[in-house]
Structure formats: C-alpha cells, structure tokens
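Next up, run.cif (mmCIF, C-alpha atoms (C1' of nucleotides)):
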data_work
#
loop_
_atom_site.label_atom_id
_atom_site.label_comp_id
_atom_site.auth_asym_id
_atom_site.auth_seq_id
_atom_site.Cartn_x
_atom_site.Cartn_y
_atom_site.Cartn_z
CA MET A 146 0.00 0.00 0.00
CA SER A 147 2.75 2.42 0.92
CA ARG A 148 3.83 3.81 -2.39
CA PHE A 149 5.22 6.69 -0.36
CA GLU A 150 8.19 6.69 1.99
CA PRO A 151 7.83 8.88 5.11
CA LEU A 152 10.39 11.65 5.39
CA PRO A 153 12.79 10.89 8.29
CA ARG A 154 12.85 12.68 11.64
CA GLU A 155 15.96 14.59 10.53
CA PHE A 156 13.77 16.48 8.05
CA TYR A 157 12.00 18.18 10.97
CA GLN A 158 15.15 18.92 12.99
CA ARG A 159 15.67 22.45 11.72
CA SER A 160 14.26 25.90 12.44
CA ALA A 161 10.55 26.45 11.77
CA LEU A 162 11.53 29.02 9.16
CA GLN A 163 13.65 26.54 7.20
CA LEU A 164 11.12 23.77 7.63
CA ALA A 165 8.22 25.93 6.41
CA ARG A 166 10.11 26.73 3.22
CA LEU A 167 11.14 23.10 2.64
CA CYS A 168 7.57 21.89 3.14
CA ILE A 169 6.30 23.65 0.05
CA GLY A 170 5.93 20.99 -2.67
CA GLN A 171 6.17 18.03 -0.26
CA LEU A 172 3.35 15.51 0.02
CA LEU A 173 0.94 15.14 2.95
CA VAL A 174 -0.06 11.47 3.15
CA SER A 175 -2.89 10.14 5.35
CA GLU A 176 -4.40 6.74 6.00
CA LEU A 177 -6.22 7.95 9.11
CA HIS A 178 -9.63 6.76 7.95
CA GLY A 179 -8.64 3.65 6.01
CA GLU A 180 -8.48 5.47 2.71
CA LEU A 181 -5.32 6.84 1.10
CA LEU A 182 -5.18 10.61 0.87
CA VAL A 183 -2.24 12.41 -0.75
CA SER A 184 -1.91 16.15 -1.33
CA ARG A 185 0.81 18.56 -2.33
CA ILE A 186 1.58 21.25 0.26
CA VAL A 187 1.37 24.71 -1.35
CA GLU A 188 1.23 27.05 1.65
CA ALA A 189 2.77 27.01 5.15
CA GLU A 190 3.71 29.39 7.95
CA ALA A 191 6.54 29.29 10.51
CA TYR A 192 5.92 29.81 14.23
CA ALA A 193 9.36 30.34 15.66
CA GLY A 194 9.51 29.46 19.34
CA VAL A 195 9.58 31.36 22.62
CA ARG A 196 10.56 34.74 21.12
CA ASP A 197 7.78 34.76 18.49
CA SER A 198 4.81 36.65 19.97
CA ALA A 199 2.46 35.03 17.44
CA CYS A 200 3.54 31.52 18.50
CA HIS A 201 1.50 29.54 21.03
CA GLY A 202 4.77 28.69 22.78
CA PHE A 203 5.67 32.37 23.24
CA GLY A 204 7.61 33.07 26.42
CA GLY A 205 7.92 29.34 27.14
CA ARG A 206 4.28 29.24 28.24
CA ARG A 207 3.62 25.51 28.38
CA THR A 208 0.00 24.33 28.77
CA ALA A 209 -2.14 21.28 28.12
CA ARG A 210 -3.12 22.71 24.74
CA ASN A 211 0.34 23.41 23.31
CA GLU A 212 2.19 20.55 25.02
CA SER A 213 2.93 18.88 21.67
CA MET A 214 4.89 21.91 20.50
CA PHE A 215 7.37 21.33 23.31
CA GLY A 216 7.79 17.66 22.45
CA PRO A 217 10.24 16.10 19.97
CA PRO A 218 10.22 17.24 16.32
CA GLY A 219 8.39 15.28 13.64
CA HIS A 220 5.16 15.10 15.62
CA ALA A 221 1.76 16.76 15.03
CA TYR A 222 0.38 19.74 16.93
CA VAL A 223 -3.37 20.06 16.37
CA PHE A 224 -5.56 22.66 18.08
CA LEU A 225 -9.08 24.06 17.85
CA ILE A 226 -9.53 27.68 16.85
CA TYR A 227 -12.64 29.87 16.99
CA GLY A 228 -14.45 26.95 18.55
CA LEU A 229 -14.99 25.47 15.09
CA HIS A 230 -11.83 24.73 13.15
CA PHE A 231 -8.77 22.57 13.63
CA HIS A 232 -5.26 23.53 12.53
CA LEU A 233 -2.48 21.05 11.73
CA ASN A 234 1.13 21.92 12.60
CA LEU A 235 4.41 20.05 12.12
CA VAL A 236 6.59 20.29 15.24
CA ALA A 237 10.06 21.54 14.26
CA ALA A 238 13.50 22.16 15.76
CA LYS A 239 14.24 20.17 18.93
CA GLU A 240 12.55 18.99 22.08
CA SER A 241 11.48 21.78 24.48
CA ASP A 242 11.78 24.36 21.69
CA PRO A 243 8.14 25.26 20.83
CA SER A 244 8.61 25.78 17.08
CA ALA A 245 6.15 24.54 14.49
CA VAL A 246 4.96 24.91 10.92
CA LEU A 247 1.27 25.53 10.20
CA LEU A 248 -0.03 23.87 7.03
CA ARG A 249 -2.38 26.39 5.41
CA ALA A 250 -3.23 24.92 2.00
CA VAL A 251 -2.72 21.79 -0.11
CA GLU A 252 -3.64 20.45 -3.58
CA PRO A 253 -5.42 17.06 -3.59
CA ILE A 254 -3.65 14.37 -5.65
CA VAL A 255 -5.09 11.07 -4.37
CA GLY A 256 -8.46 10.68 -2.63
CA GLU A 257 -10.06 13.91 -3.74
CA ALA A 258 -13.51 12.28 -3.67
CA PRO A 259 -13.55 11.45 0.07
CA MET A 260 -12.07 14.88 0.79
CA ARG A 261 -14.83 16.58 -1.16
CA ALA A 262 -17.40 14.45 0.67
CA ARG A 263 -16.13 15.56 4.10
CA ARG A 264 -16.23 19.15 2.88
CA ARG A 265 -19.86 18.72 1.79
CA TYR A 266 -19.20 18.93 -1.94
CA PRO A 267 -18.15 22.52 -2.65
CA LYS A 268 -18.71 23.72 -6.22
CA ASP A 269 -15.14 24.84 -6.86
CA ARG A 270 -12.55 22.10 -6.18
CA ARG A 271 -10.14 24.66 -4.78
CA ILE A 272 -12.50 25.27 -1.85
CA VAL A 273 -11.79 21.73 -0.62
CA THR A 274 -8.33 22.42 0.80
CA ASN A 275 -7.36 26.10 0.35
CA GLY A 276 -7.34 27.06 4.03
CA PRO A 277 -5.92 25.65 7.30
CA GLY A 278 -9.33 24.72 8.73
CA LYS A 279 -10.53 23.42 5.40
CA LEU A 280 -7.67 20.98 4.85
CA CYS A 281 -8.14 19.57 8.35
CA GLN A 282 -11.83 18.99 7.65
CA ALA A 283 -11.00 17.41 4.27
CA TYR A 284 -8.52 15.04 5.95
CA GLY A 285 -10.77 14.36 8.94
CA ILE A 286 -8.10 15.69 11.32
CA ASP A 287 -9.18 16.61 14.86
CA ARG A 288 -7.70 16.91 18.32
CA SER A 289 -7.23 13.11 18.48
CA VAL A 290 -4.40 13.55 15.96
CA ASP A 291 -2.54 15.91 18.31
CA GLY A 292 0.85 14.52 19.36
CA ILE A 293 1.08 11.62 16.92
CA ASP A 294 4.41 10.79 15.28
CA LEU A 295 4.64 11.96 11.65
CA CYS A 296 7.55 9.69 10.75
CA HIS A 297 5.36 6.69 9.92
CA PRO A 298 1.74 5.90 8.88
CA PRO A 299 -1.09 6.73 9.27
CA LEU A 300 -0.02 10.37 8.82
CA TYR A 301 3.28 11.56 7.39
CA LEU A 302 5.06 13.71 4.82
CA ALA A 303 6.67 12.22 1.72
CA GLN A 304 9.08 13.52 -0.88
CA GLY A 305 7.44 15.77 -3.46
CA THR A 306 8.75 18.09 -6.12
CA ARG A 307 10.08 21.60 -5.60
CA PRO A 308 7.95 24.41 -7.00
CA ARG A 309 9.54 26.70 -9.54
CA HIS A 310 9.10 29.74 -7.35
CA ILE A 311 8.32 30.08 -3.63
CA GLY A 312 6.58 33.31 -2.63
CA ARG A 313 6.79 34.92 0.81
CA SER A 314 4.53 37.22 2.81
CA PRO A 315 3.63 38.15 6.40
CA ARG A 316 1.52 35.57 8.25
CA ILE A 317 -2.27 35.67 8.17
CA GLY A 318 -4.55 36.60 11.05
CA ILE A 319 -1.97 37.54 13.69
CA ASP A 320 -2.21 41.34 13.66
CA TYR A 321 -2.08 41.31 17.45
CA ALA A 322 1.55 40.13 17.39
CA GLY A 323 3.23 43.54 17.03
CA ASP A 324 6.56 43.54 15.20
CA TRP A 325 6.35 39.81 14.60
CA ALA A 326 3.19 40.31 12.54
CA GLN A 327 5.29 42.02 9.85
CA LYS A 328 7.85 39.24 9.44
CA PRO A 329 7.62 37.29 6.15
CA TYR A 330 7.12 33.89 7.76
CA ARG A 331 4.51 32.66 5.26
CA PHE A 332 5.66 30.61 2.26
CA PHE A 333 3.64 29.47 -0.74
CA ASP A 334 3.93 27.99 -4.23
CA ALA A 335 3.53 31.07 -6.43
CA SER A 336 2.11 29.01 -9.29
CA SER A 337 -0.64 27.24 -7.32
CA SER A 338 -4.28 28.28 -7.47
CA PHE A 339 -4.94 26.53 -4.14
CA VAL A 340 -3.13 29.13 -2.03
CA SER A 341 -5.54 30.61 0.53
CA SER A 342 -6.99 33.99 -0.29
CA MET A 343 -8.47 35.20 2.97
CA ARG A 344 -8.19 38.53 4.66
"C1'" DT B 1423 -16.60 30.85 38.91
"C1'" DG B 1424 -16.92 33.96 35.02
"C1'" DA B 1425 -15.65 36.67 30.98
"C1'" DA B 1426 -12.83 37.32 26.93
"C1'" DT B 1427 -10.75 35.58 22.95
"C1'" DG B 1428 -8.97 33.57 18.76
"C1'" DA B 1429 -2.94 30.96 13.53
"C1'" DT B 1430 -11.26 30.80 10.45
"C1'" DT B 1431 -15.15 29.75 7.55
"C1'" DT B 1432 -19.46 30.68 5.89
"C1'" DA B 1433 -23.59 33.03 4.97
"C1'" DC B 1434 -25.83 37.04 4.19
"C1'" DT B 1435 -26.75 42.29 2.91
"C1'" DG C 1278 -18.52 44.41 2.12
"C1'" DT C 1279 -19.96 42.73 7.32
"C1'" DA C 1280 -21.25 39.50 10.86
"C1'" DA C 1281 -22.45 35.18 13.00
"C1'" DA C 1282 -21.15 30.67 14.38
"C1'" DT C 1283 -19.20 28.31 18.56
"C1'" DC C 1284 -16.13 26.51 22.50
"C1'" DA C 1285 -11.65 25.05 24.65
"C1'" DT C 1286 -8.44 27.62 26.75
"C1'" DT C 1287 -6.74 31.37 29.29
"C1'" DC C 1288 -6.67 34.88 32.67
"C1'" DA C 1289 -8.61 37.70 36.18
"C1'" DA C 1290 -10.97 37.72 40.60
#
Is it possible to give me this structure as structure tokens?
Amino acid sequence: MSRFEPLPREFYQRSALQLARLCIGQLLVSELHGELLVSRIVEAEAYAGVRDSACHGFGGRRTARNESMFGPPGHAYVFLIYGLHFHLNLVAAKESDPSAVLLRAVEPIVGEAPMRARRRYPKDRRIVTNGPGKLCQAYGIDRSVDGIDLCHPPLYLAQGTRPRHIGRSPRIGIDYAGDWAQKPYRFFDASSSFVSSMR
DNA sequence: TGAATGATTTACT
DNA sequence: GTAAATCATTCAA
C-alpha cells in the first residue's frame, strides 16, 4: 500500500523558518480513515519558538493545549480555533523548543472524492483544501491527531517536487503580534491556485 | 466561577 | 462588504 516513503525525523530537525520553506511541494499522506489521501503542500507558515509573539509557545508558556509543540520534532500539533476549526502543525527544531509549521493549504492528488465528501461537496474544487481549517476537515483531522508521530503511517510527509518559485509574505490573522506580525514567515507555491486567499 | 478571545469559515446584505 | 457561528483555553478575581 505504501507507495510513499515517510520523510525521516531529521527532516524536521531544523528551524521552523527553514522547515516551512522546505515543506512547500512536499506531500501530505494520510491513511487515518482507512483510505489513502495524498496532497501537495502549497502554503505554510513558521511559528518560531519562545521569542515569536504570534507563537503559542511564546515566552515558554507551556499548557495542556500546546504541550505537543514542546515535544520532539516530527510530531503533530493540532488545536481548535474559533471553537470550530482545527489547525495542523508540524513540530520543528528540537525537544522543548516550541517551534512549528502551520499547514495552510494543499492540492489534492489522491483521494479527492472522500475529501470533497467531508467538505460537503463545494462547487469549486479549490474550496476543498485552500485554508488551514478546510484541509483539516477534508482530511478528517481533529484533536485526536494531536501529538502523533509523523515519521510513519497513518499520517506523514513524503518527498514531493520543488515548485519553480516560492513566494513569501507576512503571516495571516496575527495582527495582534506587534513587530512579529510584519515578518515574512509565510511561504507558498507562487504558481498554485490553491493558495488561501483570505483577509 | 466567570468573561474574553482567537494561527477561520461561511452566509448574508 | 460585514457578521455570525461556537467553545476550549486562558486569565482575572
């Protein structure tokens, strides 16, 4: 079944900034619900540890919610936002350093039908996975995925292909973060039509 | 114990 | 364009 080889733990052992950039073009593979889902990552943001005022681990504040961020790299950090939507992060760097990469948008490659079904059949296929809450709904990812190891099935990244050009911009929806809100910590595939368009 | 608040999405005017 | 939905978590008292 596994036509895809999980990327090794070493892939995640770098700064969130580097990891976010390297994630663009990689594949997100899931067998969480018995069906194979594969998508190409086209948008991601870096949350860079205790000094980053937009990061949930800011100031070393360790709580039940963000515990996974402080764990070893190569694991998932999933949280609920606005009481409605889940966000999927890849834990980066090293243990006790709360750095992570938020996956914001992907392009379905395998299993688009079940993804569309979970998203209640949107008209435009881009609406299936072009936002952080949307891709989690499409994949059926919830808080039960928080903390799982991403170096083996049922959820992992696999080698993809590098996009021709990677765009950068400030992160979305963190205006409260002062100076850190200006930093270009968002990366995306400039040629993809699945990049989120909010705000 | 209680009030405020989001790393958003969707529907509606 | 604006606003509602909706709740775990956080912080103040």
Tell me which protein, DNA and RNA residues are within 6 Å of Thr274 of chain A, counting all atoms listed in the file, leaving out same-chain ones fewer than 5 positions away, and put them as JSON, numbers by chain. {"A": [250, 251, 279, 280]}
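Among A:Ile226, A:Val340, A:Leu164, A:Ala189, the residue with the shortest atom-to-atom distance to chain C, counting only C-alpha atoms (C1' of nucleotides), is A:Ile226.
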Find the residues in chain C near chain A: any atom within 8 Å counts, using all atoms listed in the file. Write them as a count of residues only. 4
Could you list, as a list in words, the residues of chain A having an atom within 9 Å of chain B when counting only C-alpha atoms (C1' of nucleotides)?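 The complete set of qualifying residues is Glu190, Tyr192, Ala199, Cys200, His201, Ile226, Tyr227, Gly228, Leu229, His230, His232, Leu247, Gly276, Pro277, Gly278, Lys279, Arg316, Ile317, Gly318 and Ile319 of chain A.
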Using the file's own x, y and z axes, what box holds all listed atoms of segment 218-232 of chain A with 5 Å on each side, keeping edges along x, y and z, and what are its centre and edge lengths in Å to one decimal, as JSON?
{"center_x": -2.4, "center_y": 22.5, "center_z": 15.5, "size_x": 35.2, "size_y": 24.8, "size_z": 16.0}
If I take atom CA of Arg249 of chain A and atom C1' of DC1288 of chain C, how far is one from the other in Å, to one decimal?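 These atoms are spaced 28.9 Å apart.
If you look at atom CA of Glu150 of chain A and atom CA of Pro253 of chain A, they are 18.0 Å away from each other.
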Just so the selection is clear, what residues does the PyMOL selection byres ((chain A and resi 177) around 9) cover here, as a list in words?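 That expression, the PyMOL selection byres ((chain A and resi 177) around 9), corresponds here to Ser175, Glu176, His178, Gly179, Glu180, Leu181, Leu182, Tyr284, Gly285, Ile286, Pro298, Pro299 and Leu300 of chain A.
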Supply segment 230-241 of chain A as a tab-separated table (two decimals), in the coordinates of the input, with all heavy atoms built in where the input has gaps.
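Saved the output as result.tsv:
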chain	number	residue	atom	x	y	z
A	230	HIS	N	-12.77	25.24	14.14
A	230	HIS	CA	-11.83	24.73	13.15
A	230	HIS	C	-10.55	24.20	13.77
A	230	HIS	O	-10.04	24.78	14.72
A	230	HIS	CB	-11.48	25.84	12.16
A	230	HIS	CG	-12.68	26.51	11.58
A	230	HIS	ND1	-13.56	25.86	10.74
A	230	HIS	CD2	-13.19	27.75	11.75
A	230	HIS	CE1	-14.53	26.68	10.41
A	230	HIS	NE2	-14.35	27.84	11.01
A	231	PHE	N	-10.03	23.11	13.18
A	231	PHE	CA	-8.77	22.57	13.63
A	231	PHE	C	-7.65	23.05	12.72
A	231	PHE	O	-7.86	23.30	11.53
A	231	PHE	CB	-8.82	21.04	13.63
A	231	PHE	CG	-9.75	20.49	14.66
A	231	PHE	CD1	-11.02	20.06	14.31
A	231	PHE	CD2	-9.36	20.43	16.00
A	231	PHE	CE1	-11.90	19.58	15.28
A	231	PHE	CE2	-10.23	19.95	16.97
A	231	PHE	CZ	-11.50	19.52	16.60
A	232	HIS	N	-6.45	23.18	13.30
A	232	HIS	CA	-5.26	23.53	12.53
A	232	HIS	C	-4.21	22.46	12.75
A	232	HIS	O	-3.99	22.03	13.88
A	232	HIS	CB	-4.70	24.88	12.98
A	232	HIS	CG	-5.46	26.04	12.43
A	232	HIS	ND1	-4.99	27.33	12.52
A	232	HIS	CD2	-6.64	26.10	11.78
A	232	HIS	CE1	-5.86	28.14	11.93
A	232	HIS	NE2	-6.87	27.43	11.49
A	233	LEU	N	-3.53	22.07	11.66
A	233	LEU	CA	-2.48	21.05	11.73
A	233	LEU	C	-1.10	21.70	11.61
A	233	LEU	O	-0.84	22.44	10.66
A	233	LEU	CB	-2.66	20.05	10.59
A	233	LEU	CG	-1.53	19.01	10.43
A	233	LEU	CD1	-1.39	18.13	11.66
A	233	LEU	CD2	-1.76	18.17	9.17
A	234	ASN	N	-0.26	21.43	12.60
A	234	ASN	CA	1.13	21.92	12.60
A	234	ASN	C	2.10	20.76	12.60
A	234	ASN	O	1.80	19.69	13.14
A	234	ASN	CB	1.43	22.72	13.87
A	234	ASN	CG	0.66	24.01	13.96
A	234	ASN	OD1	1.20	25.08	13.80
A	234	ASN	ND2	-0.64	23.92	14.24
A	235	LEU	N	3.31	20.99	12.03
A	235	LEU	CA	4.41	20.05	12.12
A	235	LEU	C	5.37	20.60	13.17
A	235	LEU	O	5.85	21.72	13.02
A	235	LEU	CB	5.13	19.95	10.78
A	235	LEU	CG	4.24	19.87	9.53
A	235	LEU	CD1	5.11	19.93	8.27
A	235	LEU	CD2	3.41	18.59	9.57
A	236	VAL	N	5.67	19.83	14.20
A	236	VAL	CA	6.59	20.29	15.24
A	236	VAL	C	8.01	20.26	14.68
A	236	VAL	O	8.46	19.25	14.12
A	236	VAL	CB	6.49	19.43	16.51
A	236	VAL	CG1	7.51	19.88	17.55
A	236	VAL	CG2	5.08	19.52	17.08
A	237	ALA	N	8.73	21.38	14.84
A	237	ALA	CA	10.06	21.54	14.26
A	237	ALA	C	11.13	21.62	15.34
A	237	ALA	O	10.86	21.44	16.53
A	237	ALA	CB	10.10	22.80	13.40
A	238	ALA	N	12.35	21.89	14.89
A	238	ALA	CA	13.50	22.16	15.76
A	238	ALA	C	13.82	20.99	16.68
A	238	ALA	O	14.01	19.87	16.21
A	238	ALA	CB	13.26	23.43	16.55
A	239	LYS	N	13.86	21.24	17.99
A	239	LYS	CA	14.24	20.17	18.93
A	239	LYS	C	13.34	20.19	20.15
A	239	LYS	O	12.60	21.15	20.38
A	239	LYS	CB	15.69	20.35	19.35
A	239	LYS	CG	16.01	21.69	19.98
A	239	LYS	CD	17.49	21.77	20.30
A	239	LYS	CE	17.80	22.95	21.21
A	239	LYS	NZ	17.81	24.24	20.52
A	240	GLU	N	13.41	19.11	20.91
A	240	GLU	CA	12.55	18.99	22.08
A	240	GLU	C	12.71	20.19	23.00
A	240	GLU	O	13.81	20.71	23.17
A	240	GLU	CB	12.91	17.70	22.84
A	240	GLU	CG	11.98	17.44	24.01
A	240	GLU	CD	11.84	15.96	24.31
A	240	GLU	OE1	12.56	15.16	23.71
A	240	GLU	OE2	10.99	15.62	25.17
A	241	SER	N	11.58	20.64	23.57
A	241	SER	CA	11.48	21.78	24.48
A	241	SER	C	11.64	23.13	23.80
A	241	SER	O	11.59	24.17	24.44
A	241	SER	CB	12.46	21.68	25.66
A	241	SER	OG	13.76	22.04	25.26
